[in-house]
$ cat query_5.tsv   # TSV, C-alpha atoms and all ligand atoms
chain	number	residue	atom	x	y	z
W	1	MET	CA	125.28	97.65	102.86
W	2	THR	CA	122.21	99.69	102.06
W	3	MET	CA	122.41	101.74	98.93
W	4	SER	CA	120.05	104.60	98.38
W	5	GLU	CA	119.91	106.12	94.94
W	6	THR	CA	118.16	109.26	96.00
W	7	THR	CA	117.42	111.20	99.13
W	8	GLU	CA	113.84	112.08	98.22
W	9	SER	CA	111.96	110.55	101.12
W	10	ASN	CA	108.47	110.63	99.61
W	11	LEU	CA	109.37	108.31	96.74
W	12	PRO	CA	108.22	104.69	96.95
W	13	THR	CA	110.96	102.41	98.26
W	14	VAL	CA	112.18	99.23	96.60
W	15	LEU	CA	114.53	96.75	98.26
W	16	ALA	CA	116.47	94.32	96.07
W	17	ILE	CA	117.73	91.23	97.92
W	18	ASP	CA	120.24	89.42	95.72
W	19	ASP	CA	123.58	87.73	96.37
W	20	SER	CA	125.04	89.18	93.16
W	21	GLU	CA	126.66	92.62	93.17
W	22	LEU	CA	126.31	92.62	89.41
W	23	ILE	CA	122.51	92.46	89.73
W	24	HIS	CA	122.59	95.39	92.18
W	25	ARG	CA	124.55	97.45	89.66
W	26	LEU	CA	122.26	96.41	86.85
W	27	LEU	CA	119.13	97.36	88.79
W	28	ARG	CA	120.61	100.71	89.76
W	29	ALA	CA	121.31	101.44	86.11
W	30	ARG	CA	117.94	100.15	84.85
W	31	LEU	CA	115.85	101.92	87.49
W	32	HIS	CA	117.87	105.10	87.44
W	33	ASN	CA	115.11	107.15	85.84
W	34	GLU	CA	112.22	105.54	87.70
W	35	ARG	CA	110.70	107.52	90.56
W	36	VAL	CA	111.72	105.00	93.19
W	37	GLN	CA	114.23	104.88	95.99
W	38	LEU	CA	116.32	101.73	95.52
W	39	HIS	CA	118.00	99.91	98.40
W	40	THR	CA	120.01	96.71	98.06
W	41	ALA	CA	120.98	93.79	100.32
W	42	ILE	CA	123.63	91.22	99.43
W	43	SER	CA	122.34	88.33	101.58
W	44	SER	CA	119.04	86.92	102.86
W	45	ARG	CA	119.93	87.77	106.42
W	46	GLU	CA	120.77	91.39	105.59
W	47	GLY	CA	117.67	91.59	103.39
W	48	LEU	CA	115.38	90.55	106.25
W	49	GLU	CA	117.00	93.07	108.59
W	50	ILE	CA	116.62	95.94	106.11
W	51	ALA	CA	113.06	94.88	105.27
W	52	ARG	CA	112.11	95.15	108.96
W	53	SER	CA	113.69	98.57	109.51
W	54	LEU	CA	112.96	100.15	106.11
W	55	LYS	CA	109.51	98.64	105.43
W	56	PRO	CA	109.87	99.12	101.66
W	57	ASP	CA	106.84	99.15	99.36
W	58	VAL	CA	108.23	96.39	97.15
W	59	ILE	CA	110.96	93.75	97.52
W	60	LEU	CA	112.70	92.30	94.48
W	61	LEU	CA	113.70	88.93	95.87
W	62	ASP	CA	116.29	86.63	94.31
W	63	LEU	CA	115.17	83.02	94.42
W	64	ASP	CA	118.62	81.46	94.27
W	65	MET	CA	120.75	82.50	97.22
W	66	PRO	CA	123.10	80.53	99.50
W	67	GLU	CA	122.14	79.80	103.14
W	68	MET	CA	118.52	80.87	102.82
W	69	ASP	CA	116.78	80.83	99.45
W	70	GLY	CA	114.02	83.22	98.34
W	71	PHE	CA	111.26	80.81	99.41
W	72	LYS	CA	112.55	80.80	102.98
W	73	VAL	CA	112.93	84.59	102.94
W	74	ILE	CA	109.33	85.19	101.82
W	75	GLU	CA	108.09	82.80	104.52
W	76	ARG	CA	109.90	84.88	107.14
W	77	LEU	CA	108.53	88.12	105.66
W	78	LYS	CA	104.96	86.80	105.72
W	79	GLU	CA	105.28	85.54	109.32
W	80	ASP	CA	106.31	88.97	110.61
W	81	PRO	CA	103.46	91.53	111.04
W	82	THR	CA	105.85	94.41	110.29
W	83	THR	CA	106.80	92.99	106.88
W	84	GLN	CA	103.83	90.86	105.82
W	85	ASP	CA	102.19	93.58	103.71
W	86	ILE	CA	105.26	94.35	101.58
W	87	ALA	CA	104.75	93.29	97.95
W	88	VAL	CA	107.31	90.67	96.95
W	89	ILE	CA	108.38	90.11	93.34
W	90	PHE	CA	110.50	87.00	92.78
W	91	VAL	CA	113.49	87.27	90.50
W	92	SER	CA	114.95	84.08	89.11
W	93	ALA	CA	117.21	82.83	86.34
W	94	SER	CA	115.12	79.70	86.13
W	95	ASN	CA	111.84	79.80	84.30
W	96	ASP	CA	110.59	76.70	86.07
W	97	MET	CA	106.78	76.63	86.28
W	98	ALA	CA	106.73	74.72	89.61
W	99	ASN	CA	108.91	77.45	91.18
W	100	ARG	CA	106.63	80.18	89.89
W	101	VAL	CA	103.55	78.48	91.29
W	102	ARG	CA	105.24	77.86	94.64
W	103	GLY	CA	106.36	81.50	94.80
W	104	LEU	CA	102.86	82.82	94.13
W	105	ASP	CA	101.38	80.37	96.65
W	106	LEU	CA	103.76	81.73	99.28
W	107	GLY	CA	102.36	85.22	98.70
W	108	ALA	CA	104.55	86.75	95.99
W	109	VAL	CA	102.70	89.21	93.74
W	110	ASP	CA	104.79	88.58	90.61
W	111	PHE	CA	107.73	86.84	89.02
W	112	ILE	CA	110.49	88.34	86.84
W	113	ALA	CA	112.98	86.27	84.85
W	114	LYS	CA	116.71	87.00	84.69
W	115	PRO	CA	118.27	88.39	82.56
W	116	PHE	CA	115.96	91.38	82.90
W	117	ASP	CA	113.95	92.72	80.07
W	118	VAL	CA	114.05	96.34	81.12
W	119	VAL	CA	110.58	97.24	79.85
W	120	GLU	CA	109.04	94.23	81.60
W	121	LEU	CA	110.96	94.94	84.82
W	122	LYS	CA	109.70	98.52	84.97
W	123	ALA	CA	106.13	97.57	84.05
W	124	ARG	CA	105.93	94.85	86.72
W	125	LEU	CA	107.48	97.12	89.32
W	126	ARG	CA	105.07	99.96	88.54
W	127	SER	CA	102.12	97.62	88.71
W	128	ALA	CA	103.19	96.32	92.15
W	129	LEU	CA	103.73	99.88	93.40
W	130	ARG	CA	100.30	100.93	92.12
W	131	VAL	CA	98.60	98.11	94.02
W	132	GLN	CA	100.56	98.95	97.19
W	133	HIS	CA	99.47	102.58	96.88
W	134	LEU	CA	95.80	101.56	96.60
W	135	ILE	CA	96.12	99.28	99.62
W	136	LYS	CA	97.50	102.20	101.64
W	137	ILE	CA	94.58	104.42	100.60
W	138	LEU	CA	92.07	101.72	101.57
W	139	ALA	CA	93.72	101.26	104.95
W	140	GLN	CA	93.50	105.01	105.50
W	141	LYS	CA	89.84	105.08	104.45
W	142	ALA	CA	89.01	102.60	107.21
W	143	GLN	CA	90.02	105.36	109.64
W	144	ILE	CA	87.78	108.03	108.21
W	145	ASP	CA	84.22	108.74	109.31
W	146	GLY	CA	81.95	108.54	106.25
W	147	ALA	CA	79.42	111.25	107.13
W	148	SER	CA	81.88	113.94	108.17
W	149	GLY	CA	85.09	113.10	106.30
W	150	LEU	CA	86.95	113.55	109.60
W	151	TRP	CA	89.08	110.93	111.32
W	152	ASN	CA	87.09	108.36	113.26
W	153	ARG	CA	87.30	107.32	116.91
W	154	THR	CA	89.72	104.42	116.24
W	155	TYR	CA	92.19	106.77	114.60
W	156	PHE	CA	91.63	109.43	117.25
W	157	ASP	CA	92.54	107.03	120.08
W	158	GLN	CA	95.78	105.96	118.37
W	159	ARG	CA	96.76	109.47	117.38
W	160	LEU	CA	96.05	111.03	120.78
W	161	ALA	CA	98.19	108.39	122.52
W	162	ALA	CA	101.04	109.05	120.05
W	163	GLU	CA	100.80	112.86	120.34
W	164	ILE	CA	100.71	112.72	124.15
W	165	SER	CA	103.75	110.48	124.38
W	166	GLU	CA	105.64	112.80	122.03
W	167	ALA	CA	104.60	115.91	123.98
W	168	ASN	CA	105.62	114.23	127.25
W	169	ARG	CA	108.97	113.14	125.86
W	170	TYR	CA	109.96	116.49	124.36
W	171	ASN	CA	108.11	118.61	126.88
W	172	LYS	CA	106.01	120.32	124.19
W	173	PRO	CA	102.55	121.80	124.71
W	174	LEU	CA	99.49	119.90	123.50
W	175	SER	CA	95.80	120.75	123.74
W	176	LEU	CA	92.59	118.87	123.21
W	177	THR	CA	89.19	120.34	122.41
W	178	ILE	CA	85.97	118.41	122.85
W	179	ILE	CA	82.91	119.84	121.15
W	180	ASP	CA	79.22	119.05	121.37
W	181	LEU	CA	76.64	120.57	119.05
W	182	ASP	CA	73.97	122.33	121.12
W	183	GLY	CA	70.45	120.92	120.95
W	184	PHE	CA	71.31	118.65	118.04
W	185	LYS	CA	68.59	116.12	118.85
W	186	SER	CA	65.86	118.72	118.66
W	187	THR	CA	67.37	120.11	115.42
W	188	ASN	CA	67.10	116.59	114.00
W	189	ASP	CA	63.52	116.16	115.28
W	190	GLN	CA	62.42	119.53	113.97
W	191	PHE	CA	64.13	119.62	110.55
W	192	GLY	CA	64.79	115.94	109.82
W	193	HIS	CA	67.84	113.74	109.62
W	194	LEU	CA	68.93	114.96	106.20
W	195	PHE	CA	69.31	118.43	107.62
W	196	GLY	CA	71.09	116.93	110.63
W	197	ASP	CA	73.59	115.31	108.25
W	198	LEU	CA	74.13	118.66	106.52
W	199	VAL	CA	74.88	120.30	109.87
W	200	ILE	CA	77.45	117.58	110.67
W	201	GLU	CA	79.04	118.08	107.26
W	202	ARG	CA	79.20	121.88	107.47
W	203	PHE	CA	80.59	121.86	110.98
W	204	SER	CA	83.17	119.22	109.99
W	205	ASN	CA	84.30	121.52	107.18
W	206	ILE	CA	84.74	124.35	109.66
W	207	LEU	CA	86.90	122.13	111.91
W	208	ASN	CA	88.88	120.87	108.94
W	209	SER	CA	89.56	124.26	107.40
W	210	GLY	CA	91.78	125.42	110.24
W	211	ARG	CA	95.48	124.80	110.82
W	212	THR	CA	96.93	121.80	109.01
W	213	SER	CA	98.63	120.47	112.15
W	214	ASP	CA	95.29	120.06	113.97
W	215	VAL	CA	93.71	116.62	113.95
W	216	ALA	CA	89.90	116.79	113.78
W	217	CYS	CA	87.87	113.69	114.61
W	218	ARG	CA	84.24	112.76	114.91
W	219	TYR	CA	84.10	111.41	118.40
W	220	GLY	CA	80.57	110.06	118.16
W	221	GLY	CA	77.05	111.27	117.13
W	222	GLU	CA	77.17	115.06	117.55
W	223	GLU	CA	80.44	115.03	119.46
W	224	PHE	CA	83.76	116.08	117.95
W	225	SER	CA	87.29	116.38	119.19
W	226	VAL	CA	90.34	118.15	117.87
W	227	ILE	CA	93.93	117.40	118.87
W	228	LEU	CA	96.04	120.57	118.72
W	229	PRO	CA	99.75	119.69	118.82
W	230	GLN	CA	102.24	122.33	120.02
W	231	THR	CA	99.38	124.47	121.27
W	232	THR	CA	98.73	125.86	124.75
W	233	ALA	CA	95.24	126.13	126.23
W	234	THR	CA	95.27	129.91	125.65
W	235	GLU	CA	95.99	129.45	121.94
W	236	ALA	CA	93.53	126.55	121.69
W	237	ARG	CA	90.84	128.73	123.19
W	238	GLU	CA	91.38	131.32	120.42
W	239	VAL	CA	91.16	128.64	117.76
W	240	ALA	CA	87.98	127.24	119.31
W	241	GLU	CA	86.49	130.74	119.53
W	242	ARG	CA	86.94	131.07	115.76
W	243	TRP	CA	85.17	127.75	115.16
W	244	ARG	CA	82.39	128.76	117.57
W	245	ASN	CA	81.91	132.05	115.73
W	246	GLN	CA	81.94	130.45	112.29
W	247	LEU	CA	79.22	127.98	113.25
W	248	ALA	CA	77.06	130.58	115.00
W	249	ASN	CA	77.30	132.85	111.92
W	250	THR	CA	76.49	130.12	109.40
W	251	THR	CA	73.30	130.76	107.47
W	252	TRP	CA	71.09	127.79	106.71
W	253	HIS	CA	69.17	127.80	103.45
W	254	ASP	CA	65.46	127.00	103.84
W	255	HIS	CA	65.72	127.87	107.53
W	256	SER	CA	66.47	131.58	107.53
W	257	GLY	CA	67.09	133.01	110.95
W	258	LEU	CA	68.11	129.62	112.34
W	259	MET	CA	71.22	129.79	114.50
W	260	LEU	CA	73.06	126.61	115.42
W	261	THR	CA	75.77	126.58	118.05
W	262	ALA	CA	78.21	124.32	119.84
W	263	SER	CA	79.84	124.11	123.26
W	264	PHE	CA	83.60	123.68	123.50
W	265	GLY	CA	85.83	122.31	126.25
W	266	VAL	CA	89.58	122.92	126.06
W	267	CYS	CA	92.34	121.38	128.12
W	268	ASP	CA	96.10	121.29	127.74
W	269	LEU	CA	98.51	118.66	129.00
W	270	GLU	CA	100.06	121.13	131.46
W	271	CYS	CA	96.91	121.10	133.61
W	272	LEU	CA	97.12	117.38	134.32
W	273	ASP	CA	98.97	115.73	137.16
W	274	PHE	CA	101.34	112.86	136.39
W	275	PRO	CA	101.15	110.44	134.73
W	276	ARG	CA	99.59	112.46	131.89
W	277	THR	CA	97.41	109.97	130.00
W	278	PRO	CA	94.95	110.22	127.07
W	279	ALA	CA	92.06	109.21	129.36
W	280	LYS	CA	92.82	112.07	131.77
W	281	LEU	CA	93.08	114.62	128.97
W	282	VAL	CA	89.78	113.51	127.43
W	283	ALA	CA	88.05	113.55	130.83
W	284	ALA	CA	89.34	117.06	131.58
W	285	ALA	CA	88.33	118.49	128.18
W	286	ASP	CA	84.95	116.80	128.62
W	287	GLN	CA	84.57	118.40	132.03
W	288	ALA	CA	85.24	121.84	130.51
W	289	MET	CA	82.73	121.14	127.71
W	290	TYR	CA	80.02	120.21	130.25
W	291	ASN	CA	80.80	123.38	132.12
W	292	ALA	CA	80.22	125.33	128.89
W	293	LYS	CA	76.84	123.58	128.53
W	294	LYS	CA	75.92	124.31	132.13
W	295	CYS	CA	76.85	127.97	131.77
W	296	GLY	CA	74.51	128.56	128.83
W	297	ARG	CA	76.05	126.80	125.75
W	298	ASN	CA	77.60	128.47	122.67
W	299	ARG	CA	80.80	129.11	124.58
W	300	VAL	CA	84.36	127.91	125.02
W	301	ASP	CA	85.49	126.84	128.47
W	302	VAL	CA	89.04	125.99	129.46
W	303	PHE	CA	89.64	123.27	132.05
W	304	SER	CA	91.16	124.23	135.33
W	305	PRO	CA	91.61	121.90	138.30
W	306	THR	CA	89.13	124.00	140.32
W	307	LEU	CA	86.36	123.03	137.88
W	308	ILE	CA	86.30	119.53	139.38
W	309	ARG	CA	85.55	120.81	142.84
W	310	LYS	CA	82.56	122.85	141.73
C	401	MG	MG	121.37	84.51	93.25

$ encode --input "query_5.tsv" --output "structure tokens" --more "lines below"
Ligand SMILES: [Mg+2]
Amino acid sequence: MTMSETTESNLPTVLAIDDSELIHRLLRARLHNERVQLHTAISSREGLEIARSLKPDVILLDLDMPEMDGFKVIERLKEDPTTQDIAVIFVSASNDMANRVRGLDLGAVDFIAKPFDVVELKARLRSALRVQHLIKILAQKAQIDGASGLWNRTYFDQRLAAEISEANRYNKPLSLTIIDLDGFKSTNDQFGHLFGDLVIERFSNILNSGRTSDVACRYGGEEFSVILPQTTATEAREVAERWRNQLANTTWHDHSGLMLTASFGVCDLECLDFPRTPAKLVAAADQAMYNAKKCGRNRVDVFSPTLIRK
């Protein structure tokens, strides 16, 4: 049975796997005031199941259990990609050095002796949670584009696929905007790359300052894309018009009178024939963006199937 001490879903989760009910009760009492969500499992088998579905931040793993001991459990956890990154702290009544070394070699982050010293238990748990938190931040950083602070292409591809499958499943609207800065190469040539970087940064801020549900990515060089969940093409066009205006009205220090612009292509999922795939949505928004370029730049064009035939 899974036992949750609190319903706050944003708290870090801890799973205790121990064949003793007494230990479960003890942990619940000891960790009552800690900002963690505690779950418990009474056997190795149940522990592995819960670990896979819950993906807790930390597992407190009893070494001495019937059927499958803690060493076997951690081996299973480390073999499985869905559970291999969970921090495991061994809990054991024995203080045997060989066991400790073996546990650490198998990938445990720490070892706690039973009976618990409550101060030590909390300190070791907090330390493991802190490391897990940092690992999460690092993993997230790998998905962010350094120059713009927006999501990168890798993240964009994953996110677009996820948003499209959700929109398809629940029949919700979804739009995509692809944006290309106008004449960016000549801006770079004329004013230098440092200024080019500043333009990327300022425009990224404009894209990022909009609605929190929108997902802004740097698609490549001077190309950007924004995923707009629950948004029709008509609404997406209004949003893009605001971005277009903000950029065109930006004043550039040291280059007074300079006006920089971008061309926007918008497409919503509705316009596509089935099956509605990420590749089709990107191609259609791209088509609309090229149309905006062709028709004089600094404008927002919405994809329609007749565009292709032109
Ligand atoms: Mg035991």

$ residues_near_ligand --input "query_5.tsv" --ligand "ligand MG 401 (chain C)" --cutoff "8 Å" --atoms "all atoms listed in the file" --output "PyMOL selection string"
chain W and resi 18-20+62-66+92

$ residues_around --input "query_5.tsv" --residues "W:Arg25" --least-positions-apart "2" --cutoff "12 Å" --atoms "only C-alpha atoms" --output "list in words"
Met3, Glu5, Ala16, Asp18, Asp19, Ser20, Glu21, Leu22, Ile23, Leu27, Arg28, Ala29, Arg30, Leu31, His32, Leu38, His39, Thr40, Ala41 and Ile42 of chain W

$ closest_residue --input "query_5.tsv" --among "W:Asn99, W:Thr277, W:Thr83, W:Asn245" --to "W:Glu166" --atoms "only C-alpha atoms"
W:Thr277

$ residues_around --input "query_5.tsv" --residues "W:Thr82" --least-positions-apart "4" --cutoff "12 Å" --atoms "all atoms listed in the file" --output "ChimeraX atom specification"
/W:48-57,76-78,86

$ atom_distance --input "query_5.tsv" --atom1 "atom CA of W:Ala284" --atom2 "atom CA of W:Val226"
13.8 Å

$ closest_atom_pairs --input "query_5.tsv" --of "stretch 203-300 of chain W" --to "stretch 134-151 of chain W" --cutoff "12 Å" --atoms "only C-alpha atoms" --output "JSON lines"
{"residue": "W:Phe203", "atom": "CA", "partner": "W:Ser148", "partner_atom": "CA", "distance": 8.5}
{"residue": "W:Ser204", "atom": "CA", "partner": "W:Ser148", "partner_atom": "CA", "distance": 5.7}
{"residue": "W:Asn205", "atom": "CA", "partner": "W:Ser148", "partner_atom": "CA", "distance": 8.0}
{"residue": "W:Ile206", "atom": "CA", "partner": "W:Ser148", "partner_atom": "CA", "distance": 10.9}
{"residue": "W:Leu207", "atom": "CA", "partner": "W:Leu150", "partner_atom": "CA", "distance": 8.9}
{"residue": "W:Asn208", "atom": "CA", "partner": "W:Leu150", "partner_atom": "CA", "distance": 7.6}
{"residue": "W:Ser209", "atom": "CA", "partner": "W:Leu150", "partner_atom": "CA", "distance": 11.2}
{"residue": "W:Asp214", "atom": "CA", "partner": "W:Trp151", "partner_atom": "CA", "distance": 11.4}
{"residue": "W:Val215", "atom": "CA", "partner": "W:Trp151", "partner_atom": "CA", "distance": 7.8}
{"residue": "W:Ala216", "atom": "CA", "partner": "W:Leu150", "partner_atom": "CA", "distance": 6.1}
{"residue": "W:Cys217", "atom": "CA", "partner": "W:Trp151", "partner_atom": "CA", "distance": 4.5}
{"residue": "W:Arg218", "atom": "CA", "partner": "W:Leu150", "partner_atom": "CA", "distance": 6.0}
{"residue": "W:Tyr219", "atom": "CA", "partner": "W:Trp151", "partner_atom": "CA", "distance": 8.7}
{"residue": "W:Gly220", "atom": "CA", "partner": "W:Asp145", "partner_atom": "CA", "distance": 9.7}
{"residue": "W:Gly221", "atom": "CA", "partner": "W:Ala147", "partner_atom": "CA", "distance": 10.3}
{"residue": "W:Glu222", "atom": "CA", "partner": "W:Ser148", "partner_atom": "CA", "distance": 10.6}
{"residue": "W:Glu223", "atom": "CA", "partner": "W:Ser148", "partner_atom": "CA", "distance": 11.4}
{"residue": "W:Phe224", "atom": "CA", "partner": "W:Leu150", "partner_atom": "CA", "distance": 9.3}
{"residue": "W:Ser225", "atom": "CA", "partner": "W:Trp151", "partner_atom": "CA", "distance": 9.7}
{"residue": "W:Val226", "atom": "CA", "partner": "W:Trp151", "partner_atom": "CA", "distance": 9.8}
{"residue": "W:Ile227", "atom": "CA", "partner": "W:Trp151", "partner_atom": "CA", "distance": 11.1}

$ residues_around --input "query_5.tsv" --residues "W:Val36" --least-positions-apart "5" --cutoff "6 Å" --atoms "all atoms listed in the file" --output "PyMOL selection string"
chain W and resi 11-13

$ closest_residue --input "query_5.tsv" --among "W:Ser263, W:Gln132, W:Asn168, W:Leu60" --to "W:Phe184" --atoms "only C-alpha atoms"
W:Ser263

$ closest_residue --input "query_5.tsv" --among "W:Arg100, W:Arg299, W:Lys294, W:Arg211" --to "W:Leu247" --atoms "only C-alpha atoms"
W:Arg299

$ closest_residue --input "query_5.tsv" --among "W:Val73, W:Ala87, W:Leu15, W:Leu260" --to "W:Ser186" --atoms "only C-alpha atoms"
W:Leu260

$ closest_residue --input "query_5.tsv" --among "W:Ile164, W:Ile200, W:Thr232, W:Val239" --to "W:Ala279" --atoms "all atoms listed in the file"
W:Ile164

$ atom_distance --input "query_5.tsv" --atom1 "atom CA of W:Ser256" --atom2 "atom CA of W:Glu201"
18.4 Å

$ atom_distance --input "query_5.tsv" --atom1 "atom CA of W:Thr234" --atom2 "atom CA of W:Gly183"
26.8 Å

$ residues_near_point --input "query_5.tsv" --point "(89.0, 125.2, 119.7)" --cutoff "8 Å" --atoms "only C-alpha atoms" --output "VMD selection string"
chain W and resid 177 226 236 to 244 264 to 266 300

$ write_last_selection --input "query_5.tsv" --atoms "C-alpha atoms" --output "PDB file, in the coordinates of the input"
ATOM      1  CA  THR W 177      89.190 120.340 122.410  1.00  0.00           C
ATOM      2  CA  VAL W 226      90.340 118.150 117.870  1.00  0.00           C
ATOM      3  CA  ALA W 236      93.530 126.550 121.690  1.00  0.00           C
ATOM      4  CA  ARG W 237      90.840 128.730 123.190  1.00  0.00           C
ATOM      5  CA  GLU W 238      91.380 131.320 120.420  1.00  0.00           C
ATOM      6  CA  VAL W 239      91.160 128.640 117.760  1.00  0.00           C
ATOM      7  CA  ALA W 240      87.980 127.240 119.310  1.00  0.00           C
ATOM      8  CA  GLU W 241      86.490 130.740 119.530  1.00  0.00           C
ATOM      9  CA  ARG W 242      86.940 131.070 115.760  1.00  0.00           C
ATOM     10  CA  TRP W 243      85.170 127.750 115.160  1.00  0.00           C
ATOM     11  CA  ARG W 244      82.390 128.760 117.570  1.00  0.00           C
ATOM     12  CA  PHE W 264      83.600 123.680 123.500  1.00  0.00           C
ATOM     13  CA  GLY W 265      85.830 122.310 126.250  1.00  0.00           C
ATOM     14  CA  VAL W 266      89.580 122.920 126.060  1.00  0.00           C
ATOM     15  CA  VAL W 300      84.360 127.910 125.020  1.00  0.00           C
TER      16      VAL W 300
END

$ build_atoms --input "query_5.tsv" --residues "stretch 62-77 of chain W" --atoms "N, CA and C atoms" --output "compact mmCIF listing (two decimals), keeping the file's coordinate frame"
# COMPACT_ATOMS: atom_id res chain seq x y z
N ASP W 62 115.61 87.68 95.07
CA ASP W 62 116.29 86.63 94.31
C ASP W 62 115.88 85.27 94.86
N LEU W 63 115.56 84.36 93.97
CA LEU W 63 115.17 83.02 94.42
C LEU W 63 116.38 82.19 94.83
N ASP W 64 117.47 82.34 94.05
CA ASP W 64 118.62 81.46 94.27
C ASP W 64 119.71 82.17 95.06
N MET W 65 119.72 81.90 96.36
CA MET W 65 120.75 82.50 97.22
C MET W 65 121.28 81.42 98.15
N PRO W 66 122.56 81.52 98.56
CA PRO W 66 123.10 80.53 99.50
C PRO W 66 122.49 80.74 100.89
N GLU W 67 122.66 79.80 101.77
CA GLU W 67 122.14 79.80 103.14
C GLU W 67 120.63 79.72 103.18
N MET W 68 119.97 80.81 102.74
CA MET W 68 118.52 80.87 102.82
C MET W 68 118.02 81.28 101.43
N ASP W 69 117.23 80.44 100.78
CA ASP W 69 116.78 80.83 99.45
C ASP W 69 115.55 81.76 99.52
N GLY W 70 115.13 82.26 98.39
CA GLY W 70 114.02 83.22 98.34
C GLY W 70 112.74 82.69 98.96
N PHE W 71 112.47 81.39 98.81
CA PHE W 71 111.26 80.81 99.41
C PHE W 71 111.27 80.96 100.93
N LYS W 72 112.44 80.68 101.51
CA LYS W 72 112.55 80.80 102.98
C LYS W 72 112.41 82.27 103.39
N VAL W 73 113.00 83.17 102.59
CA VAL W 73 112.93 84.59 102.94
C VAL W 73 111.48 85.08 102.92
N ILE W 74 110.72 84.70 101.89
CA ILE W 74 109.33 85.19 101.82
C ILE W 74 108.51 84.61 102.96
N GLU W 75 108.81 83.37 103.37
CA GLU W 75 108.09 82.80 104.52
C GLU W 75 108.33 83.64 105.78
N ARG W 76 109.58 84.03 105.99
CA ARG W 76 109.90 84.88 107.14
C ARG W 76 109.18 86.23 107.05
N LEU W 77 109.18 86.80 105.84
CA LEU W 77 108.53 88.12 105.66
C LEU W 77 107.04 88.03 105.97
